[in-house]
>>> print(open('entry-v6.tsv').read())   # TSV, C-alpha atoms
chain	number	residue	atom	x	y	z
A	194	MET	CA	33.68	34.16	14.89
A	195	LYS	CA	30.11	35.36	14.36
A	196	TYR	CA	30.54	35.15	10.56
A	197	LEU	CA	32.07	31.69	10.79
A	198	LEU	CA	29.12	30.42	12.84
A	199	LEU	CA	26.62	31.98	10.41
A	200	SER	CA	28.49	30.45	7.47
A	201	VAL	CA	28.38	26.98	9.04
A	202	ILE	CA	24.65	27.31	9.78
A	203	PHE	CA	24.00	28.48	6.20
A	204	ILE	CA	25.95	25.56	4.72
A	205	LEU	CA	24.19	23.01	6.93
A	206	THR	CA	20.72	24.35	6.15
A	207	SER	CA	21.51	24.49	2.43
A	208	PHE	CA	22.12	20.73	2.32
A	209	THR	CA	19.29	19.73	4.64
A	210	THR	CA	16.21	18.70	2.69
A	211	LEU	CA	12.84	19.28	4.22
A	212	PRO	CA	9.78	17.42	2.96
A	213	LYS	CA	8.08	19.31	0.17
A	214	LYS	CA	4.48	20.39	0.49
A	215	GLY	CA	2.33	17.42	-0.51
A	216	ALA	CA	5.28	15.01	-0.31
A	217	ILE	CA	4.55	11.35	0.32
A	218	THR	CA	6.38	9.69	3.20
A	219	LEU	CA	6.30	5.95	3.79
A	220	SER	CA	6.54	4.49	7.27
A	221	ARG	CA	9.74	2.70	8.28
A	222	ASN	CA	8.19	-0.75	7.94
A	223	TYR	CA	8.33	-0.47	4.12
A	224	LYS	CA	11.33	-1.53	2.07
A	225	VAL	CA	10.99	-0.14	-1.46
A	226	GLU	CA	11.76	-2.84	-4.03
A	227	ASN	CA	10.69	-1.13	-7.27
A	228	THR	CA	8.72	1.74	-8.77
A	229	PHE	CA	6.56	2.28	-11.86
A	230	SER	CA	5.05	5.45	-13.32
A	231	GLY	CA	2.93	6.62	-16.21
A	232	ASP	CA	0.50	9.23	-17.49
A	233	THR	CA	-3.27	8.98	-17.26
A	234	SER	CA	-3.97	12.26	-19.10
A	235	SER	CA	-2.11	15.40	-20.16
A	236	ASP	CA	-2.15	16.88	-16.63
A	237	GLU	CA	-2.35	13.70	-14.53
A	238	SER	CA	0.20	11.01	-13.82
A	239	PHE	CA	0.59	8.15	-11.38
A	240	TYR	CA	3.41	6.54	-9.46
A	241	LEU	CA	3.48	3.07	-7.99
A	242	ILE	CA	5.78	2.14	-5.15
A	243	ILE	CA	6.28	-1.60	-4.87
A	244	ALA	CA	7.45	-2.36	-1.36
A	245	LYS	CA	7.78	-5.14	1.19
A	246	ASN	CA	5.93	-4.46	4.45
A	247	SER	CA	8.01	-5.88	7.31
A	248	LYS	CA	5.04	-5.85	9.71
A	249	THR	CA	2.60	-7.81	7.54
A	250	LYS	CA	5.22	-9.70	5.46
A	251	GLN	CA	3.17	-8.74	2.38
A	252	CYS	CA	4.25	-7.12	-0.87
A	253	GLU	CA	2.29	-3.93	-1.45
A	254	ILE	CA	1.69	-1.74	-4.46
A	255	ILE	CA	1.21	1.80	-3.17
A	256	PRO	CA	-0.54	4.02	-5.74
A	257	ILE	CA	0.11	7.78	-5.82
A	258	THR	CA	-1.48	10.23	-8.23
A	259	ASN	CA	-0.19	13.61	-9.33
A	260	THR	CA	-2.91	15.96	-10.53
A	261	ASN	CA	-1.69	19.46	-11.42
A	262	GLY	CA	1.23	19.07	-8.99
A	263	GLU	CA	-0.89	17.82	-6.07
A	264	LEU	CA	0.07	14.36	-4.80
A	265	SER	CA	-2.50	11.93	-3.39
A	266	GLN	CA	-1.68	8.54	-1.90
A	267	PHE	CA	-4.28	5.78	-2.14
A	268	LYS	CA	-4.72	2.63	-0.07
A	269	SER	CA	-2.14	0.00	-0.97
A	270	VAL	CA	-2.92	-3.28	-2.71
A	271	SER	CA	-1.43	-6.33	-0.93
A	272	PHE	CA	0.00	-9.53	-2.40
A	273	ASP	CA	1.61	-12.61	-0.88
A	274	LYS	CA	4.56	-12.48	-3.30
A	275	MET	CA	6.62	-9.68	-4.84
A	276	GLN	CA	5.04	-8.18	-7.97
A	277	SER	CA	6.25	-6.50	-11.14
A	278	VAL	CA	3.98	-4.18	-13.08
A	279	LEU	CA	4.05	-5.24	-16.73
A	280	SER	CA	1.64	-2.74	-18.22
A	281	TYR	CA	-1.28	-0.39	-17.59
A	282	HIS	CA	-4.14	1.37	-19.33
A	283	ASN	CA	-6.70	3.96	-18.27
A	284	ASN	CA	-10.45	3.53	-18.78
A	285	GLU	CA	-12.69	6.40	-17.74
A	286	GLY	CA	-10.91	7.19	-14.47
A	287	VAL	CA	-9.96	3.61	-13.61
A	288	LEU	CA	-6.30	2.69	-13.85
A	289	THR	CA	-5.88	-0.98	-14.78
A	290	LEU	CA	-2.54	-2.63	-14.01
A	291	ILE	CA	-1.18	-5.97	-15.20
A	292	ALA	CA	0.99	-7.26	-12.35
A	293	SER	CA	3.04	-10.44	-12.38
A	294	THR	CA	4.64	-12.54	-9.68
A	295	GLU	CA	8.42	-12.53	-9.95
A	296	GLY	CA	10.47	-15.70	-10.01
A	297	ASN	CA	7.64	-18.13	-10.63
A	298	LYS	CA	8.17	-21.15	-12.91
A	299	GLU	CA	4.63	-20.76	-14.22
A	300	ASP	CA	3.67	-17.21	-15.14
A	301	ASP	CA	1.12	-15.81	-12.72
A	302	SER	CA	-0.52	-12.45	-13.46
A	303	THR	CA	-3.14	-10.40	-11.65
A	304	VAL	CA	-5.23	-7.52	-12.96
A	305	VAL	CA	-5.61	-4.63	-10.51
A	306	ASP	CA	-8.11	-1.80	-11.00
A	307	ILE	CA	-7.61	1.46	-9.10
A	308	ASP	CA	-10.41	4.01	-9.17
A	309	LEU	CA	-8.57	7.33	-9.54
A	310	THR	CA	-11.46	9.26	-7.95
A	311	THR	CA	-12.18	7.18	-4.84
A	312	GLY	CA	-8.88	5.28	-4.48
A	313	GLU	CA	-10.73	1.95	-4.20
A	314	SER	CA	-8.94	-1.03	-5.74
A	315	TYR	CA	-10.06	-4.41	-7.08
A	316	LYS	CA	-7.97	-7.49	-7.90
A	317	SER	CA	-8.81	-10.24	-10.35
A	318	ASP	CA	-8.32	-13.91	-9.77
A	319	SER	CA	-4.89	-15.06	-10.82
A	320	ILE	CA	-4.23	-15.58	-14.52
A	321	SER	CA	-1.90	-18.56	-14.69
A	322	GLY	CA	-0.32	-19.93	-17.79
A	323	LYS	CA	2.84	-21.33	-19.23
A	324	TYR	CA	4.92	-19.75	-21.95
A	325	PHE	CA	4.09	-16.09	-21.29
A	326	LYS	CA	5.76	-14.04	-24.03
A	327	ALA	CA	4.57	-10.43	-24.05
A	328	VAL	CA	1.98	-7.77	-23.31
A	329	ILE	CA	0.54	-5.84	-26.23
A	330	ILE	CA	-0.76	-2.45	-25.15
A	331	LYS	CA	-4.01	-1.29	-26.74
A	332	LYS	CA	-5.88	1.95	-26.05
A	333	ASN	CA	-8.43	0.54	-23.58
A	334	SER	CA	-7.05	-2.93	-22.89
A	335	ASN	CA	-3.96	-5.12	-22.91
A	336	LEU	CA	-3.34	-8.40	-24.70
A	337	LEU	CA	-1.40	-11.06	-22.78
A	338	VAL	CA	0.42	-13.34	-25.22
A	339	PHE	CA	1.18	-16.97	-24.34
A	340	SER	CA	2.90	-19.11	-26.95
A	341	ASN	CA	4.74	-22.38	-27.28
A	342	LYS	CA	5.99	-24.11	-30.43
A	343	SER	CA	2.54	-25.27	-31.52
A	344	SER	CA	-0.01	-22.71	-30.28
A	345	VAL	CA	-0.68	-19.09	-29.40
A	346	ASN	CA	-3.14	-17.98	-26.75
A	347	LEU	CA	-4.18	-14.34	-26.36
A	348	ILE	CA	-6.07	-12.96	-23.37
A	349	ASP	CA	-7.66	-9.55	-23.91
A	350	VAL	CA	-7.79	-7.76	-20.53
A	351	LYS	CA	-10.13	-4.77	-20.23
A	352	ASP	CA	-10.25	-4.66	-16.41
A	353	SER	CA	-10.20	-6.96	-13.37
A	354	LYS	CA	-13.64	-8.36	-14.21
A	355	ASN	CA	-13.53	-8.39	-18.02
A	356	ARG	CA	-11.05	-10.57	-19.83
A	357	ASN	CA	-11.57	-12.75	-22.88
A	358	ASN	CA	-9.61	-15.53	-24.53
A	359	VAL	CA	-8.88	-14.72	-28.14
A	360	THR	CA	-8.24	-17.77	-30.31
A	361	GLY	CA	-4.95	-17.79	-32.12
>>> encode(input="entry-v6.tsv", output="structure tokens")
Amino acid sequence: MKYLLLSVIFILTSFTTLPKKGAITLSRNYKVENTFSGDTSSDESFYLIIAKNSKTKQCEIIPITNTNGELSQFKSVSFDKMQSVLSYHNNEGVLTLIASTEGNKEDDSTVVDIDLTTGESYKSDSISGKYFKAVIIKKNSNLLVFSNKSSVNLIDVKDSKNRNNVTG
């Protein structure tokens, strides 16, 4: 009987998962809708949890960094509508995201900068336009491509404050 009880305890503890050291745990008011991840350098990566907050009724992008195996969660970035992350680039310790509202008739994008040292974030004004086609990833910026049958419009996005129309 003693061995049977020890066997049952061993089996139960083998399948029970305990939070790992440095693990990130979200509160119950978040419903995870999507995730996104990428590398910022050879030993650093980031993870984005895109979740609906049932308390605030906001969509939030929750940034998490992984530096040499150590996880750090930064303050979330809130939006009124659900977002998709289209692309990212890294400029001198600032992670720049191109986020887009899902299910909109007119394409609506926002540029979000996250300072990987302080965790502070900045959002641009909305970039609205019809006929969004693609994002072209460059080393230190992204090109948003808008095109219809007669014209092409390119917007070069360096960060939340610096974006330029490029004539096509």
>>> closest_residue(input="entry-v6.tsv", among="A:Lys274, A:Lys245, A:Arg221, A:Lys331", to="Thr303 of chain A", atoms="all atoms listed in the file")
A:Lys274
>>> residues_around(input="entry-v6.tsv", residues="Ser269 of chain A", least_positions_apart="2", cutoff="8 Å", atoms="only C-alpha atoms", output="PyMOL selection string")
chain A and resi 253-256+267+271
>>> closest_residue(input="entry-v6.tsv", among="A:Thr311, A:Asn227, A:Asn346, A:Ser234", to="Tyr324 of chain A", atoms="only C-alpha atoms")
A:Asn346
>>> closest_residue(input="entry-v6.tsv", among="A:Leu264, A:Leu241, A:Ile257, A:Ile291", to="Ala216 of chain A", atoms="all atoms listed in the file")
A:Leu264
>>> atom_distance(input="entry-v6.tsv", atom1="atom CA of Asn284 of chain A", atom2="atom CA of Ile348 of chain A")
17.7 Å
>>> closest_residue(input="entry-v6.tsv", among="A:Ser319, A:Phe239, A:Asn335, A:Arg356", to="Asn261 of chain A", atoms="all atoms listed in the file")
A:Phe239
>>> residues_near_point(input="entry-v6.tsv", point="(6.9, -23.2, -29.5)", cutoff="12 Å", atoms="all atoms listed in the file", output="list of chain:residue names")
A:Lys323, A:Tyr324, A:Phe325, A:Lys326, A:Phe339, A:Ser340, A:Asn341, A:Lys342, A:Ser343, A:Ser344, A:Val345, A:Asn346
>>> closest_residue(input="entry-v6.tsv", among="A:Ser293, A:Ser302, A:Thr310, A:Asn259", to="Gly231 of chain A", atoms="all atoms listed in the file")
A:Asn259
>>> closest_residue(input="entry-v6.tsv", among="A:Val350, A:Val270, A:Leu279, A:Leu337", to="Glu313 of chain A", atoms="only C-alpha atoms")
A:Val270
>>> residues_around(input="entry-v6.tsv", residues="Lys250 of chain A", least_positions_apart="5", cutoff="12 Å", atoms="only C-alpha atoms", output="VMD selection string")
chain A and resid 222 to 224 244 to 245 271 to 275
>>> write_last_selection(input="entry-v6.tsv", atoms="C-alpha atoms", output="PDB file, in the frame of the given file")
ATOM      1  CA  ASN A 222       8.190  -0.750   7.940  1.00  0.00           C
ATOM      2  CA  TYR A 223       8.330  -0.470   4.120  1.00  0.00           C
ATOM      3  CA  LYS A 224      11.330  -1.530   2.070  1.00  0.00           C
ATOM      4  CA  ALA A 244       7.450  -2.360  -1.360  1.00  0.00           C
ATOM      5  CA  LYS A 245       7.780  -5.140   1.190  1.00  0.00           C
ATOM      6  CA  SER A 271      -1.430  -6.330  -0.930  1.00  0.00           C
ATOM      7  CA  PHE A 272       0.000  -9.530  -2.400  1.00  0.00           C
ATOM      8  CA  ASP A 273       1.610 -12.610  -0.880  1.00  0.00           C
ATOM      9  CA  LYS A 274       4.560 -12.480  -3.300  1.00  0.00           C
ATOM     10  CA  MET A 275       6.620  -9.680  -4.840  1.00  0.00           C
TER      11      MET A 275
END
>>> residues_around(input="entry-v6.tsv", residues="Lys354 of chain A", least_positions_apart="4", cutoff="10 Å", atoms="only C-alpha atoms", output="PyMOL selection string")
chain A and resi 304-306+315-318+350
>>> atom_distance(input="entry-v6.tsv", atom1="atom CA of Glu226 of chain A", atom2="atom CA of Lys332 of chain A")
28.6 Å
>>> atom_distance(input="entry-v6.tsv", atom1="atom CA of Leu288 of chain A", atom2="atom CA of Ile330 of chain A")
13.6 Å
